[in-house]
$ cat my_file31.txt   # compact mmCIF, C-alpha atoms and all ligand atoms
# COMPACT_ATOMS: atom_id res chain seq x y z
CA MET K 159 -72.55 -2.13 28.38
CA PRO K 160 -68.93 -1.20 27.63
CA GLU K 161 -68.84 1.76 25.24
CA LEU K 162 -66.02 3.24 23.15
CA PRO K 163 -64.11 4.81 26.11
CA GLU K 164 -64.17 1.56 28.06
CA VAL K 165 -63.05 -0.40 24.99
CA GLU K 166 -60.29 2.13 24.25
CA THR K 167 -59.18 2.09 27.91
CA THR K 168 -59.06 -1.70 27.69
CA ARG K 169 -57.09 -1.51 24.42
CA ARG K 170 -54.45 0.82 25.88
CA GLN K 171 -53.95 -1.33 28.97
CA ILE K 172 -53.91 -4.70 27.20
CA GLU K 173 -51.73 -3.54 24.25
CA PRO K 174 -48.37 -3.79 26.08
CA LEU K 175 -49.29 -7.21 27.50
CA LEU K 176 -49.85 -8.72 24.05
CA VAL K 177 -48.16 -6.72 21.28
CA GLY K 178 -44.74 -8.02 20.31
CA HIS K 179 -45.27 -11.22 22.25
CA CYS K 180 -45.78 -14.79 21.10
CA ILE K 181 -48.92 -16.65 22.12
CA GLU K 182 -47.79 -20.03 23.43
CA CYS K 183 -51.34 -21.34 23.60
CA VAL K 184 -54.92 -20.30 24.23
CA LEU K 185 -57.18 -22.02 26.74
CA THR K 186 -60.90 -21.93 26.01
CA THR K 187 -64.23 -23.02 27.43
CA ALA K 188 -66.58 -25.38 25.53
CA PRO K 189 -68.28 -24.30 22.25
CA SER K 190 -71.08 -21.72 22.76
CA TYR K 191 -72.57 -18.71 20.99
CA PHE K 192 -69.65 -16.67 22.39
CA PHE K 193 -67.40 -18.40 19.81
CA LEU K 194 -68.10 -17.27 16.23
CA THR K 195 -65.06 -19.40 15.41
CA ALA K 196 -65.07 -22.82 17.10
CA PRO K 197 -62.79 -22.94 20.16
CA GLU K 198 -60.84 -25.87 18.73
CA ALA K 199 -60.04 -23.87 15.57
CA LEU K 200 -59.10 -20.81 17.64
CA ARG K 201 -56.64 -22.81 19.71
CA ARG K 202 -55.06 -24.16 16.52
CA HIS K 203 -54.88 -20.77 14.73
CA LEU K 204 -53.50 -18.80 17.67
CA ALA K 205 -50.79 -21.11 19.04
CA GLY K 206 -47.32 -19.86 18.14
CA ARG K 207 -48.50 -16.54 16.65
CA THR K 208 -46.87 -13.22 17.50
CA VAL K 209 -49.20 -10.28 18.06
CA LYS K 210 -48.35 -7.35 15.79
CA ALA K 211 -50.95 -4.81 16.92
CA LEU K 212 -54.08 -4.32 18.98
CA ASP K 213 -56.45 -1.98 17.12
CA ARG K 214 -59.93 -0.70 17.87
CA LYS K 215 -62.77 0.08 15.49
CA GLY K 216 -65.90 1.37 17.22
CA LYS K 217 -66.45 -1.06 20.06
CA TYR K 218 -64.48 -3.90 18.45
CA LEU K 219 -60.94 -4.83 19.42
CA VAL K 220 -58.85 -6.36 16.64
CA LEU K 221 -55.67 -8.33 17.32
CA ARG K 222 -53.48 -8.27 14.21
CA PHE K 223 -50.83 -10.86 13.41
CA GLU K 224 -47.79 -10.80 11.14
CA ASP K 225 -49.54 -12.28 8.08
CA ASP K 226 -52.47 -9.85 8.59
CA ALA K 227 -54.70 -12.54 10.02
CA ARG K 228 -56.90 -10.96 12.68
CA LEU K 229 -58.76 -11.90 15.83
CA LEU K 230 -61.93 -9.93 16.43
CA LEU K 231 -63.04 -9.40 20.03
CA HIS K 232 -66.26 -7.75 21.21
CA LEU K 233 -67.01 -7.27 24.89
CA GLY K 234 -70.80 -7.47 24.42
CA MET K 235 -72.78 -6.58 27.53
CA THR K 236 -70.63 -7.98 30.32
CA GLY K 237 -67.30 -8.93 28.71
CA GLN K 238 -64.12 -8.26 30.67
CA LEU K 239 -60.66 -8.40 29.11
CA PHE K 240 -58.02 -8.14 31.80
CA SER K 241 -54.63 -9.13 33.10
CA SER K 242 -54.33 -12.27 35.25
CA GLU K 243 -52.68 -9.94 37.79
CA ALA K 244 -55.80 -7.74 38.08
CA THR K 245 -57.53 -7.67 41.44
CA SER K 246 -61.13 -6.65 41.98
CA THR K 247 -64.01 -7.96 44.05
CA ARG K 248 -66.19 -7.38 41.00
CA LEU K 249 -64.60 -10.38 39.31
CA LEU K 250 -66.13 -12.72 41.87
CA SER K 251 -69.77 -13.63 42.35
CA ALA K 252 -71.44 -12.82 45.67
CA THR K 253 -71.54 -16.52 46.59
CA ALA K 254 -67.86 -16.98 45.73
CA ARG K 255 -66.97 -13.94 47.84
CA ALA K 256 -68.96 -15.16 50.84
CA SER K 257 -66.86 -18.31 51.18
CA LEU K 258 -63.52 -16.46 51.12
CA THR K 259 -61.57 -14.57 53.74
CA PRO K 260 -61.53 -10.77 53.18
CA GLU K 261 -57.86 -10.96 52.08
CA ALA K 262 -58.60 -13.62 49.46
CA GLN K 263 -61.67 -11.92 48.01
CA THR K 264 -59.89 -9.85 45.41
CA ARG K 265 -57.78 -12.63 43.87
CA PHE K 266 -59.11 -14.09 40.66
CA GLU K 267 -58.77 -17.65 39.41
CA PRO K 268 -60.13 -18.46 35.92
CA ASP K 269 -63.68 -19.79 36.25
CA GLU K 270 -66.33 -21.25 33.90
CA HIS K 271 -66.98 -17.74 32.50
CA THR K 272 -63.33 -17.23 31.49
CA HIS K 273 -63.78 -18.17 27.82
CA LEU K 274 -60.29 -17.27 26.60
CA GLN K 275 -56.95 -17.35 28.33
CA PHE K 276 -53.98 -16.07 26.33
CA VAL K 277 -50.86 -17.79 27.62
CA LEU K 278 -47.73 -15.98 26.40
CA ALA K 279 -44.44 -17.71 25.73
CA GLY K 280 -42.12 -17.31 28.75
CA ARG K 281 -44.04 -14.34 30.04
CA GLU K 282 -46.57 -13.32 32.70
CA PRO K 283 -49.26 -12.12 33.09
CA ARG K 284 -51.82 -14.00 31.03
CA VAL K 285 -54.72 -12.12 29.45
CA PHE K 286 -58.23 -13.32 30.26
CA PHE K 287 -61.49 -12.71 28.40
CA ARG K 288 -64.33 -13.38 30.82
CA ASP K 289 -68.00 -12.95 30.01
CA VAL K 290 -70.75 -14.09 32.35
CA ARG K 291 -73.62 -13.55 29.90
CA LYS K 292 -71.69 -14.58 26.76
CA PHE K 293 -72.99 -11.72 24.61
CA GLY K 294 -69.34 -11.00 23.83
CA LYS K 295 -67.88 -12.41 20.62
CA VAL K 296 -64.62 -13.81 19.32
CA GLN K 297 -63.93 -14.48 15.64
CA TRP K 298 -60.87 -15.54 13.67
CA LEU K 299 -60.32 -13.74 10.33
CA ALA K 300 -57.83 -15.32 7.94
CA PRO K 301 -55.54 -12.96 5.91
CA GLY K 302 -57.73 -10.96 3.51
CA GLU K 303 -60.99 -12.19 5.06
CA SER K 304 -63.51 -9.44 5.80
CA THR K 305 -66.58 -9.31 7.98
CA ALA K 306 -69.73 -7.19 7.87
CA ARG K 307 -69.29 -6.64 11.59
CA LEU K 308 -66.40 -4.27 10.78
CA ASP K 309 -67.31 -3.25 7.22
CA ARG K 310 -70.69 -1.82 8.17
CA LEU K 311 -69.23 0.55 10.77
CA GLY K 312 -69.11 4.27 9.99
CA ILE K 313 -66.31 6.67 10.92
CA ASP K 314 -64.85 6.05 14.37
CA ALA K 315 -66.38 8.45 16.91
CA LEU K 316 -62.96 9.76 17.99
CA ALA K 317 -62.37 10.87 14.37
CA LEU K 318 -65.82 12.45 13.84
CA THR K 319 -65.77 15.92 12.23
CA GLY K 320 -68.48 18.57 11.92
CA GLU K 321 -68.36 18.34 8.14
CA HIS K 322 -68.79 14.55 8.20
CA LEU K 323 -71.80 14.89 10.51
CA PHE K 324 -73.30 17.75 8.50
CA ARG K 325 -73.14 15.70 5.28
CA ALA K 326 -74.46 12.55 6.97
CA THR K 327 -77.46 14.39 8.46
CA ARG K 328 -78.79 16.10 5.31
CA GLU K 329 -81.17 13.41 4.07
CA ARG K 330 -82.05 11.83 7.39
CA LYS K 331 -85.54 12.21 8.82
CA VAL K 332 -84.54 10.91 12.25
CA ALA K 333 -83.65 12.71 15.47
CA ILE K 334 -79.99 13.65 15.94
CA LYS K 335 -79.84 11.37 19.00
CA ALA K 336 -80.91 8.38 16.87
CA MET K 337 -78.28 9.29 14.27
CA LEU K 338 -75.50 9.47 16.82
CA LEU K 339 -76.42 5.96 18.00
CA ASP K 340 -76.44 4.60 14.42
CA GLN K 341 -73.15 2.67 14.20
CA SER K 342 -73.15 2.86 10.40
CA VAL K 343 -72.94 6.66 10.64
CA CYS K 344 -70.47 6.88 13.49
CA ALA K 345 -69.02 3.91 15.36
CA GLY K 346 -68.76 3.80 19.12
CA ILE K 347 -71.16 6.39 20.56
CA GLY K 348 -73.47 4.87 23.15
CA ASN K 349 -76.42 6.28 25.04
CA ILE K 350 -74.54 7.96 27.90
CA TYR K 351 -72.06 9.73 25.65
CA ALA K 352 -74.68 10.82 23.09
CA ASP K 353 -76.70 12.53 25.83
CA GLU K 354 -73.64 14.15 27.38
CA ALA K 355 -72.29 15.37 24.03
CA LEU K 356 -75.64 16.88 23.01
CA PHE K 357 -75.83 18.71 26.34
CA MET K 358 -72.33 20.10 25.81
CA ALA K 359 -73.27 21.17 22.25
CA ARG K 360 -76.54 22.71 23.56
CA VAL K 361 -78.65 20.75 21.04
CA ARG K 362 -81.81 18.85 22.07
CA PRO K 363 -81.67 15.08 21.37
CA GLY K 364 -85.07 15.16 19.61
CA ARG K 365 -84.06 17.74 16.98
CA ALA K 366 -84.49 16.58 13.36
CA ALA K 367 -80.98 15.72 12.14
CA ARG K 368 -81.44 17.29 8.69
CA ARG K 369 -82.46 20.64 10.20
CA LEU K 370 -79.22 21.11 12.13
CA THR K 371 -76.95 23.93 10.98
CA ARG K 372 -73.33 23.44 9.99
CA ASN K 373 -72.28 25.19 13.21
CA GLU K 374 -74.45 22.90 15.32
CA CYS K 375 -72.94 19.83 13.60
CA GLN K 376 -69.51 21.28 14.30
CA ALA K 377 -70.39 21.77 17.98
CA ILE K 378 -71.79 18.23 18.27
CA ALA K 379 -68.72 16.63 16.63
CA ILE K 380 -66.36 18.55 18.94
CA SER K 381 -68.47 17.60 21.97
CA VAL K 382 -68.58 13.92 21.00
CA ARG K 383 -64.78 13.81 20.83
CA GLN K 384 -64.34 15.80 24.07
CA VAL K 385 -66.81 13.69 26.05
CA LEU K 386 -65.21 10.44 24.83
CA GLU K 387 -61.65 11.66 25.37
CA ARG K 388 -62.50 12.86 28.88
CA SER K 389 -64.05 9.50 29.68
CA ILE K 390 -60.93 7.70 28.40
CA GLU K 391 -58.80 9.94 30.66
CA THR K 392 -60.85 8.99 33.69
CA GLY K 393 -60.77 5.29 32.79
CA GLY K 394 -64.33 4.92 31.45
CA SER K 395 -67.59 4.41 33.29
CA SER K 396 -68.09 1.64 35.81
CA ILE K 397 -71.81 1.31 35.25
CA SER K 398 -72.75 -2.41 35.25
CA ASP K 399 -69.94 -4.92 34.85
CA TYR K 400 -67.28 -2.96 33.04
CA LEU K 401 -63.91 -3.36 34.64
CA ALA K 402 -60.68 -1.70 33.58
CA PRO K 403 -58.04 -4.33 32.71
CA ASP K 404 -56.03 -3.51 35.84
CA GLY K 405 -59.10 -4.01 38.04
CA ARG K 406 -59.75 -0.35 38.88
CA ASP K 407 -63.15 1.29 38.51
CA GLY K 408 -63.68 3.94 35.84
CA GLY K 409 -64.28 7.51 37.03
CA TYR K 410 -66.46 9.04 34.33
CA GLN K 411 -69.82 8.28 35.92
CA ASP K 412 -69.04 10.97 38.50
CA GLU K 413 -68.89 13.60 35.75
CA ARG K 414 -72.25 13.03 34.09
CA LYS K 415 -74.18 16.29 33.50
CA VAL K 416 -77.51 14.89 32.24
CA TYR K 417 -77.46 11.10 31.80
CA ALA K 418 -79.62 9.35 34.44
CA ARG K 419 -80.21 12.68 36.22
CA MET K 420 -83.93 13.10 35.42
CA GLY K 421 -85.56 15.66 37.75
CA GLU K 422 -82.22 16.76 39.19
CA PRO K 423 -81.16 20.39 38.65
CA CYS K 424 -79.12 21.23 35.54
CA LEU K 425 -75.56 22.01 36.63
CA SER K 426 -75.56 25.13 34.42
CA CYS K 427 -79.01 26.69 34.98
CA SER K 428 -80.74 24.63 37.73
CA ALA K 429 -83.75 23.72 35.52
CA PRO K 430 -84.84 20.09 36.16
CA ILE K 431 -83.30 17.62 33.69
CA LYS K 432 -85.92 16.01 31.46
CA ARG K 433 -86.08 12.48 30.04
CA LYS K 434 -87.69 11.53 26.75
CA ARG K 435 -87.78 8.31 24.71
CA ILE K 436 -86.05 8.65 21.33
CA ALA K 437 -85.28 5.69 19.05
CA ALA K 438 -86.32 3.31 21.85
CA ARG K 439 -83.67 4.70 24.22
CA SER K 440 -84.09 7.18 27.06
CA SER K 441 -82.61 10.60 26.35
CA HIS K 442 -81.75 13.12 29.03
CA TYR K 443 -81.51 16.85 28.39
CA CYS K 444 -81.91 20.32 29.88
CA PRO K 445 -85.00 22.03 28.38
CA HIS K 446 -83.44 25.42 29.05
CA CYS K 447 -79.80 25.02 27.94
CA GLN K 448 -80.49 22.83 24.89
CA LYS K 449 -82.33 24.20 21.84
ZN ZN Q 1 -79.62 23.93 31.89

$ encode --input "my_file31.txt" --output "structure tokens" --more "lines below"
Ligand SMILES: [Zn+2]
Amino acid sequence: MPELPEVETTRRQIEPLLVGHCIECVLTTAPSYFFLTAPEALRRHLAGRTVKALDRKGKYLVLRFEDDARLLLHLGMTGQLFSSEATSTRLLSATARASLTPEAQTRFEPDEHTHLQFVLAGREPRVFFRDVRKFGKVQWLAPGESTARLDRLGIDALALTGEHLFRATRERKVAIKAMLLDQSVCAGIGNIYADEALFMARVRPGRAARRLTRNECQAIAISVRQVLERSIETGGSSISDYLAPDGRDGGYQDERKVYARMGEPCLSCSAPIKRKRIAARSSHYCPHCQK
């Protein structure tokens, strides 16, 4: 599933393609649970609008327009937001690839999974939102309209501070790992990055959140930001279907220290990495380096 670094990487690459430009029209697929706003209404609202900004909150992307109307986009599990000039074999199904010559295999033509196509006035490329499993979401927000999807989110993970985390953890009887995954506390930390940040901060994922010291909260907050910023620098992770908007693979999965490394030696002390279930998610940690 795309996490904050993948969404931020997407935001940075799509921003110059949309911001400051006028949407001539939007092409959509038929109504489905992907569309929180009916496709017909989206086409009507978006035609002729100029994009003022492309923001991110947690894992949501928010297109802002001149009258402060907004378009909310969520990539879900398999959503891909990319330029029509992107090339990647990952955009094509195995059956589609098999019928093409090797040279043609990386070109992408909008298919039945391409739910939104932003056509810009007098300008290429287009921007496509494709989602095979349709767990992604798109919603139109009129000026002044709010949504619980954004309102319930806590501080953005890239802005997390030790003091914020220390205060948030005081009354919580859950494990620190569960707290880091709670989007109402801190928006945008997923399983991979929570495990990696806790390893960097040398804190075990199963530790009771309210028993953490101020210094440990400080170390965790710094680690969360560092792990996410490093992943953004390397273009995000390419686990599952995530695809950078220009079609390249992310590089962060090569830098994992603990996530999905159960039984492999810790890169600091050689102790075997352990895996434990916390808050219904698997957590990976070094029993020697993390206290
Ligand atoms: Zn270790």

$ closest_residue --input "my_file31.txt" --among "K:Pro430, K:Pro301, K:Pro283, K:Gly393" --to "Leu176 (chain K)" --atoms "all atoms listed in the file"
K:Pro283

$ residues_around --input "my_file31.txt" --residues "Leu239 (chain K)" --least-positions-apart "4" --cutoff "12 Å" --atoms "only C-alpha atoms" --output "JSON, numbers by chain"
{"K": [160, 164, 165, 166, 167, 168, 169, 170, 171, 172, 173, 175, 176, 219, 231, 232, 233, 234, 243, 244, 249, 271, 272, 273, 274, 275, 276, 284, 285, 286, 287, 288, 289, 294, 295, 296, 399, 400, 401, 402, 403, 404, 405]}

$ residues_near_ligand --input "my_file31.txt" --ligand "ligand ZN 1 (chain Q)" --cutoff "9 Å" --atoms "only C-alpha atoms and all ligand atoms" --output "ChimeraX atom specification"
/K:357,360,423-431,443-448

$ write_last_selection --input "my_file31.txt" --atoms "C-alpha atoms" --output "tab-separated table (two decimals), in the coordinates of the input"
chain	number	residue	atom	x	y	z
K	357	PHE	CA	-75.83	18.71	26.34
K	360	ARG	CA	-76.54	22.71	23.56
K	423	PRO	CA	-81.16	20.39	38.65
K	424	CYS	CA	-79.12	21.23	35.54
K	425	LEU	CA	-75.56	22.01	36.63
K	426	SER	CA	-75.56	25.13	34.42
K	427	CYS	CA	-79.01	26.69	34.98
K	428	SER	CA	-80.74	24.63	37.73
K	429	ALA	CA	-83.75	23.72	35.52
K	430	PRO	CA	-84.84	20.09	36.16
K	431	ILE	CA	-83.30	17.62	33.69
K	443	TYR	CA	-81.51	16.85	28.39
K	444	CYS	CA	-81.91	20.32	29.88
K	445	PRO	CA	-85.00	22.03	28.38
K	446	HIS	CA	-83.44	25.42	29.05
K	447	CYS	CA	-79.80	25.02	27.94
K	448	GLN	CA	-80.49	22.83	24.89

$ closest_residue --input "my_file31.txt" --among "K:Val361, K:Lys432, K:Ala379, K:Ser304" --to "His322 (chain K)" --atoms "only C-alpha atoms"
K:Ala379

$ atom_distance --input "my_file31.txt" --atom1 "CA of Gly302 (chain K)" --atom2 "CA of Arg228 (chain K)"
9.2 Å

$ atom_distance --input "my_file31.txt" --atom1 "CA of Gly320 (chain K)" --atom2 "CA of Leu338 (chain K)"
12.5 Å

$ residues_around --input "my_file31.txt" --residues "region 181-188 of chain K" --least-positions-apart "3" --cutoff "9 Å" --atoms "all atoms listed in the file" --output "PyMOL selection string"
chain K and resi 176+196-198+200-202+204-209+270-280

$ closest_residue --input "my_file31.txt" --among "K:Arg439, K:Lys292, K:His179, K:Arg369" --to "Gln238 (chain K)" --atoms "only C-alpha atoms"
K:Lys292

$ atom_distance --input "my_file31.txt" --atom1 "CA of Gly178 (chain K)" --atom2 "CA of Ala211 (chain K)"
7.8 Å

$ closest_residue --input "my_file31.txt" --among "K:Lys434, K:Glu354, K:Ile390, K:Lys449" --to "Val416 (chain K)" --atoms "all atoms listed in the file"
K:Glu354

$ residues_around --input "my_file31.txt" --residues "Arg307 (chain K)" --least-positions-apart "3" --cutoff "12 Å" --atoms "only C-alpha atoms" --output "ChimeraX atom specification"
/K:194,215-220,230-232,295-297,299,303-304,310-312,341-342,345

$ closest_residue --input "my_file31.txt" --among "K:Phe192, K:Phe240, K:Tyr351, K:Tyr417" --to "Pro163 (chain K)" --atoms "all atoms listed in the file"
K:Tyr351

$ closest_residue --input "my_file31.txt" --among "K:Arg291, K:His442, K:Arg365, K:Met358" --to "Tyr191 (chain K)" --atoms "all atoms listed in the file"
K:Arg291
